[in-house]
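> This structure is in structure tokens; I'll ask about it shortly.
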Amino acid sequence: MSKKTNQNNIKLSPWWIYGVILGIIILYNIFSSGVNYKEPSKISSALFNTYLDKGEIEKVVVFDKTQAEVYLTKTALKEETHKRVQKDVFDRPNKGPHYFVEIGNDQVFQTKIEKAQSEGKLKDYSFAPKNDLLEYFISALPFIVLIGVWIFVMRRMSGGAGGGGGQIFNIGKSKAKLFDEKTDTKVTFKDVAGLEGAKEEVQEIVEFLKNPQKYTNLGGKIPKGALLVGPPGTGKTLLAKAVAGEAQVPFFSLSGSDFVEMFVGVGASRVRDLFKQAKDKSPAIIFIDEIDAVGRARGKSNMSGGNDERENTLNQLLTEMDGFGTNSNVIVLAATNRADVLDKALMRAGRFDRQIYVDLPDIRERKEIFEVHLTPLKKVEGLDTDFLAKQTPGFSGADIANVCNEAALIAARKDKEAVDKQDFLDAVDRIVGGLEKKNKIVTPNEKKAIAIHEAGHATVSWMLEHAAPLIKVTIVPRGQSLGAAWYLPEERLIVRPDQMLDEMCATMGGRAAEKVIFNTISTGALSDLEKVTKQARAMVTVYGLNDKIGNITYYDSSGQSEYSFSKPYSEDTAMIIDKEISLLIESQYQRAIQILTENKDKLNQLADILIEKEVIFKDDLEAIFGKREFDLNLQPETSL
């Protein structure tokens, strides 16, 4: 009986005592100093001048040259005008201050009250530091902080050692955000343009949770997980947000890096807590963005013992997704652009039953994406979205959103009332090539060399069938480049050797033009050399397009070769690979020299126009070379 009585008794916490003592000290300081705890009324400068001229003000106390407290005379307090300040909060005679006024110019104000005092209209005035409740609170703030920290630590430590949240400061608790459809911004499938195949897959997942009997009546099982894979900016996270907006079930969202912590066992504890919360609210969806942060294949990159904490987190994730007692009403969505490095156990059926590839949008999907992002913009009537889609092949959804935003900024910079077609073209140029630097100092000789270089690219690409046709060429410096050429490559699903060789030849056209005109070369072809070297290496070692090496690839799609110190071929083969890469590049370089030598006059003519105008377009090339025999659809690229 006595034990129960003790349990029911209210325990007096020490911090209550500290709070009472602190309150007593503050109240004592307030009332012992004679300060009346009533906020004085604010009056305007004009009203203050009126009271001052009438002689109704007894005393003025100026604080920090910005504010003054006004004390009225006893005679003035009896008047009806000042009735509202006659009594304080305790219904006692108000000792003041009765009003306060904001000071604009402290010199003018001081002159005014000195004059009033000399005329006998003001009894006294003084300057004093501010001394109100805020000062008392600030002086007591260190004690409040210390008590608050002590309470916080004690309460967290008293949380017990059980479950995921037993560690100090609840560090083992999941950081997942629970999506609330009432308060959070709702994104639906209507907001996701393009991605028809991916949308169909994730829509079906929502249907699984809304109406599971439709599928289970036939003996089927609801998928346990879906992995969204694709390049950055293609809309993987947006799709997950659409699922959160459409699904009428709890939606937990977090990043793969949220599991990672410096303390041992925290990652696994957070995984357990996440799935516990999801199972308690099942049916539910868990979305893990950038899952490669914890899902990398085990046993890789085990330098100095490896990262055991990350592997423990992955092991716990594998167990929760497909282990004893797994709740089938929790579906896991995950997104990554590095599916090749994920652990095979994580990728198997039963954990992620579906892999949904979210690819870069094609021309039709780009048009739909443009229409979504153009909706909030003030644009000109009849803006051609088909044209915009053609000008941006290879752009992701995020790139297109950036183009629309940049176009609006450019239009605003030019004081336009609506965004037009040219603003979008300028935005594409800005994003692909960088900001124009017209004030960059370029000597006449350097300008001639840059013009010859860019004219060489334009000439060779115009003469070759499979090279990307030109949109425009400029010698105005952009970003880190001294000149740039914009092309629109054909959107191909497969590439043949002759197409790759033509592209390499066009890329080497800049250096070849320098050789033909000046009989010397410069460092301006660095980006060109980097590009053709990668293309040549890919032809030889990846795609098996070289006769000497044969139908062999040294590409490892699993990504394990990244962590290997040995090459998958012998030293003799390495010498052959290096030789074949060099032969490929040199042969296209000589081919470009031959083309430019045959068209040397036209090359010089094009360069002269480029020096004069600084920017040339497709029409200028047609005027010099005539109509191009090969008409292709294009993507912007930069050179030099």
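Following the order of the structure tokens, first chain is A, next is B, and so on, with residues numbered from 1 inside each chain and ligands from 1 in the order they appear.
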Mind checking which residues fall within 12 Å of Gln594 in chain A, counting only C-alpha atoms, ignoring those fewer than 5 positions away in the same chain, and posting them as a PyMOL selection string?
chain A and resi 456+459-460+463+505+508-509+512-513+515-516+587-589+599-600
> Set the distance at 8 Å and use only C-alpha atoms: which residues neighbour range 188-196 of chain A once local chain neighbours fewer than 5 positions away are removed? I'd like the list as a list of chain:residue names.
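Once the adjacent positions are removed, what remains is A:Gly235, A:Leu238, A:Leu239, A:Lys241, A:Ala242, A:Val243, A:Gly245, A:Glu246, A:Val358, A:Asp359, A:Pro361, A:Arg364, A:Glu365, A:Arg366, A:Glu368, A:Ile369, A:Val372.
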> Write a file of the selected residues as a compact mmCIF listing (two decimals), in the first residue's frame, keeping all heavy atoms.

# COMPACT_ATOMS: atom_id res chain seq x y z
N GLY A 235 13.97 13.01 -63.25
CA GLY A 235 12.66 13.03 -62.61
C GLY A 235 12.38 11.88 -61.68
O GLY A 235 11.22 11.57 -61.41
N LEU A 238 10.95 13.31 -58.47
CA LEU A 238 9.65 13.88 -58.80
C LEU A 238 8.59 12.79 -58.90
O LEU A 238 7.45 12.96 -58.46
CB LEU A 238 9.74 14.66 -60.11
CG LEU A 238 8.46 15.39 -60.55
CD1 LEU A 238 8.09 16.47 -59.55
CD2 LEU A 238 8.63 15.98 -61.94
N LEU A 239 8.96 11.66 -59.50
CA LEU A 239 8.03 10.52 -59.56
C LEU A 239 7.64 10.05 -58.17
O LEU A 239 6.47 9.75 -57.91
CB LEU A 239 8.68 9.36 -60.33
CG LEU A 239 8.43 9.27 -61.83
CD1 LEU A 239 9.18 8.10 -62.42
CD2 LEU A 239 6.94 9.11 -62.12
N LYS A 241 7.61 11.88 -55.48
CA LYS A 241 6.72 12.89 -54.91
C LYS A 241 5.30 12.72 -55.45
O LYS A 241 4.32 12.94 -54.72
CB LYS A 241 7.24 14.29 -55.24
CG LYS A 241 8.47 14.70 -54.47
CD LYS A 241 8.89 16.12 -54.84
CE LYS A 241 10.13 16.55 -54.07
NZ LYS A 241 10.57 17.91 -54.45
N ALA A 242 5.20 12.34 -56.73
CA ALA A 242 3.88 12.11 -57.32
C ALA A 242 3.19 10.92 -56.65
O ALA A 242 1.98 10.94 -56.42
CB ALA A 242 4.00 11.88 -58.83
N VAL A 243 3.97 9.89 -56.35
CA VAL A 243 3.42 8.74 -55.63
C VAL A 243 2.91 9.18 -54.26
O VAL A 243 1.82 8.78 -53.82
CB VAL A 243 4.47 7.62 -55.48
CG1 VAL A 243 3.95 6.50 -54.60
CG2 VAL A 243 4.86 7.07 -56.84
N GLY A 245 1.85 12.10 -53.48
CA GLY A 245 0.66 12.91 -53.67
C GLY A 245 -0.57 12.10 -54.04
O GLY A 245 -1.69 12.46 -53.69
N GLU A 246 -0.36 10.99 -54.76
CA GLU A 246 -1.48 10.18 -55.23
C GLU A 246 -1.92 9.14 -54.21
O GLU A 246 -3.10 8.84 -54.09
CB GLU A 246 -1.09 9.48 -56.55
CG GLU A 246 -0.85 10.42 -57.72
CD GLU A 246 -2.14 10.88 -58.36
OE1 GLU A 246 -3.20 10.35 -57.98
OE2 GLU A 246 -2.10 11.77 -59.24
N VAL A 358 14.48 5.33 -65.80
CA VAL A 358 13.99 6.68 -66.14
C VAL A 358 15.03 7.33 -67.03
O VAL A 358 16.05 7.83 -66.56
CB VAL A 358 13.75 7.51 -64.86
CG1 VAL A 358 13.12 8.85 -65.22
CG2 VAL A 358 12.87 6.75 -63.88
N ASP A 359 14.79 7.29 -68.34
CA ASP A 359 15.78 7.73 -69.31
C ASP A 359 15.61 9.22 -69.61
O ASP A 359 14.64 9.86 -69.22
CB ASP A 359 15.63 6.92 -70.60
CG ASP A 359 16.90 6.90 -71.42
OD1 ASP A 359 17.86 7.60 -71.04
OD2 ASP A 359 16.94 6.19 -72.44
N PRO A 361 14.57 12.36 -71.68
CA PRO A 361 13.36 12.49 -72.50
C PRO A 361 13.68 12.62 -73.98
O PRO A 361 14.68 13.23 -74.37
CB PRO A 361 12.70 13.76 -71.96
CG PRO A 361 13.81 14.55 -71.35
CD PRO A 361 14.80 13.55 -70.83
N ARG A 364 9.40 14.26 -78.06
CA ARG A 364 7.99 14.41 -77.69
C ARG A 364 7.85 14.68 -76.19
O ARG A 364 7.06 15.53 -75.77
CB ARG A 364 7.24 13.12 -78.07
CG ARG A 364 5.78 13.12 -77.67
CD ARG A 364 5.16 11.79 -78.03
NE ARG A 364 5.88 10.69 -77.41
CZ ARG A 364 5.68 10.28 -76.15
NH1 ARG A 364 4.79 10.90 -75.39
NH2 ARG A 364 6.35 9.27 -75.66
N GLU A 365 8.64 13.98 -75.40
CA GLU A 365 8.58 14.17 -73.95
C GLU A 365 9.15 15.54 -73.55
O GLU A 365 8.65 16.16 -72.60
CB GLU A 365 9.34 13.05 -73.23
CG GLU A 365 8.67 11.70 -73.36
CD GLU A 365 9.51 10.57 -72.81
OE1 GLU A 365 10.76 10.68 -72.85
OE2 GLU A 365 8.94 9.57 -72.34
N ARG A 366 10.16 16.00 -74.28
CA ARG A 366 10.72 17.32 -73.98
C ARG A 366 9.67 18.41 -74.22
O ARG A 366 9.60 19.39 -73.49
CB ARG A 366 11.97 17.59 -74.82
CG ARG A 366 13.18 16.81 -74.38
CD ARG A 366 14.45 17.41 -74.94
NE ARG A 366 14.48 17.48 -76.38
CZ ARG A 366 14.85 16.48 -77.19
NH1 ARG A 366 15.23 15.32 -76.67
NH2 ARG A 366 14.86 16.65 -78.48
N GLU A 368 6.44 18.06 -73.82
CA GLU A 368 5.52 18.00 -72.69
C GLU A 368 6.13 18.65 -71.45
O GLU A 368 5.45 19.36 -70.70
CB GLU A 368 5.15 16.54 -72.38
CG GLU A 368 4.35 15.87 -73.49
CD GLU A 368 4.08 14.41 -73.17
OE1 GLU A 368 4.37 13.98 -72.03
OE2 GLU A 368 3.57 13.69 -74.06
N ILE A 369 7.42 18.42 -71.24
CA ILE A 369 8.10 19.01 -70.08
C ILE A 369 8.16 20.53 -70.21
O ILE A 369 7.94 21.27 -69.24
CB ILE A 369 9.52 18.42 -69.92
CG1 ILE A 369 9.44 16.92 -69.62
CG2 ILE A 369 10.29 19.12 -68.81
CD1 ILE A 369 10.77 16.20 -69.67
N VAL A 372 4.90 22.06 -69.23
CA VAL A 372 4.70 22.13 -67.78
C VAL A 372 5.44 23.33 -67.18
O VAL A 372 4.87 24.10 -66.40
CB VAL A 372 5.17 20.82 -67.10
CG1 VAL A 372 5.22 20.98 -65.58
CG2 VAL A 372 4.26 19.67 -67.48
> From the options A:Arg270, A:Lys221, A:Arg496, A:Lys390, which residue's atoms come nearest to Phe208 in chain A, counting only C-alpha atoms?
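Of A:Arg270, A:Lys221, A:Arg496, A:Lys390, the one nearest Phe208 in chain A is A:Lys221, counting only C-alpha atoms.
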> Skip range 292-296 of chain A itself and residues of its chain fewer than 4 positions away, then list as a ChimeraX atom specification all residues within 6 Å of it, counting only C-alpha atoms.
/A:256-257,310,314,341-343
> Based on the selection just made, write C-alpha atoms of those residues as a PDB file, in the first residue's frame.

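And here's out_35.pdb as it stands now:
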ATOM      1  CA  GLY A 256      20.392   7.154 -48.132  1.00  0.00           C
ATOM      2  CA  SER A 257      22.909   9.380 -46.358  1.00  0.00           C
ATOM      3  CA  ARG A 310      27.839   0.985 -43.799  1.00  0.00           C
ATOM      4  CA  LEU A 314      22.998  -2.558 -45.583  1.00  0.00           C
ATOM      5  CA  VAL A 341      27.492  -0.239 -57.765  1.00  0.00           C
ATOM      6  CA  LEU A 342      24.544  -1.597 -55.767  1.00  0.00           C
ATOM      7  CA  ASP A 343      24.825  -4.909 -53.936  1.00  0.00           C
TER       8      ASP A 343
END
> Write out as a list of chain:residue names each polymer residue whose atoms come within 12 Å of Ile113 in chain A, counting only C-alpha atoms; drop sequence neighbours fewer than 4 positions from it.
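Residues near the query, excluding close chain neighbours: A:Phe48, A:Asn49, A:Tyr51, A:Leu52, A:Asp53, A:Gly55, A:Ile57, A:Glu58, A:Lys59, A:Val60, A:Val61, A:Val62, A:Ala68, A:Val70, A:Asp106, A:Gln107, A:Val108, A:Phe109, A:Gln117, A:Ser118, A:Glu119, A:Gly120, A:Lys121, A:Leu122, A:Lys123, A:Asp124, A:Tyr125, A:Ser126.
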> Let's have the selection written as a tab-separated table (two decimals), in the first residue's frame, with C-alpha atoms.

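out_16.tsv was written with the following content:
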chain	number	residue	atom	x	y	z
A	48	PHE	CA	4.94	65.46	-27.91
A	49	ASN	CA	5.62	69.02	-29.12
A	51	TYR	CA	2.32	68.63	-24.70
A	52	LEU	CA	5.72	70.29	-24.32
A	53	ASP	CA	4.45	73.69	-25.44
A	55	GLY	CA	3.88	72.73	-20.12
A	57	ILE	CA	5.49	67.45	-19.30
A	58	GLU	CA	7.40	67.31	-16.03
A	59	LYS	CA	10.38	65.14	-16.99
A	60	VAL	CA	11.93	63.53	-20.09
A	61	VAL	CA	14.36	60.59	-19.87
A	62	VAL	CA	16.29	59.86	-23.08
A	68	ALA	CA	12.49	59.11	-24.80
A	70	VAL	CA	7.73	61.18	-20.97
A	106	ASP	CA	18.84	63.52	-31.43
A	107	GLN	CA	20.50	66.97	-31.82
A	108	VAL	CA	17.22	68.66	-32.79
A	109	PHE	CA	15.40	66.84	-29.96
A	117	GLN	CA	13.53	73.88	-19.85
A	118	SER	CA	14.93	77.39	-20.17
A	119	GLU	CA	11.41	78.70	-20.80
A	120	GLY	CA	10.09	76.90	-17.72
A	121	LYS	CA	7.90	74.53	-19.70
A	122	LEU	CA	9.93	71.46	-18.67
A	123	LYS	CA	11.17	70.78	-15.17
A	124	ASP	CA	13.92	68.28	-15.87
A	125	TYR	CA	15.43	66.01	-18.52
A	126	SER	CA	18.16	63.36	-18.31
> Can you list, as JSON, numbers by chain, every residue of range 242-394 of chain A that DSSP puts in helix (DSSP H, G or I)?
{"A": [242, 243, 244, 245, 246, 256, 257, 258, 259, 266, 267, 268, 269, 270, 271, 272, 273, 274, 275, 276, 277, 278, 279, 280, 292, 293, 294, 295, 303, 304, 305, 308, 309, 310, 311, 312, 313, 314, 315, 316, 317, 318, 319, 320, 321, 339, 340, 341, 344, 345, 346, 347, 363, 364, 365, 366, 367, 368, 369, 370, 371, 372, 373, 374, 385, 386, 387, 388, 389, 390]}
> Can you measure CA of Lys416 in chain A to CA of Val403 in chain A for me? One decimal in Å is fine.
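Interatomic distance, CA of Lys416 in chain A to CA of Val403 in chain A: 17.1 Å.
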> With distances taken over only C-alpha atoms, which residue among A:Thr313, A:Ser461, A:Ser282, A:Asn217 lies nearest Val249 in chain A?
A:Ser282
> How far is it from CA of Ala345 in chain A to CA of Val206 in chain A, in Å with one decimal?
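Atom-to-atom, CA of Ala345 in chain A and CA of Val206 in chain A are spaced 25.1 Å apart.
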> Mind checking which residues fall within 10 Å of Ala240 in chain A, counting only C-alpha atoms, ignoring those fewer than 5 positions away in the same chain, and posting them as a VMD selection string?
chain A and resid 187 to 189 199 202 228 235 245 to 246 251 253 285 to 289 333 to 335
> Can you check which residues of range 337-426 of chain A DSSP gives as strand (DSSP E) on the backbone and send them as JSON, numbers by chain?
{"A": [354, 355, 356, 357]}
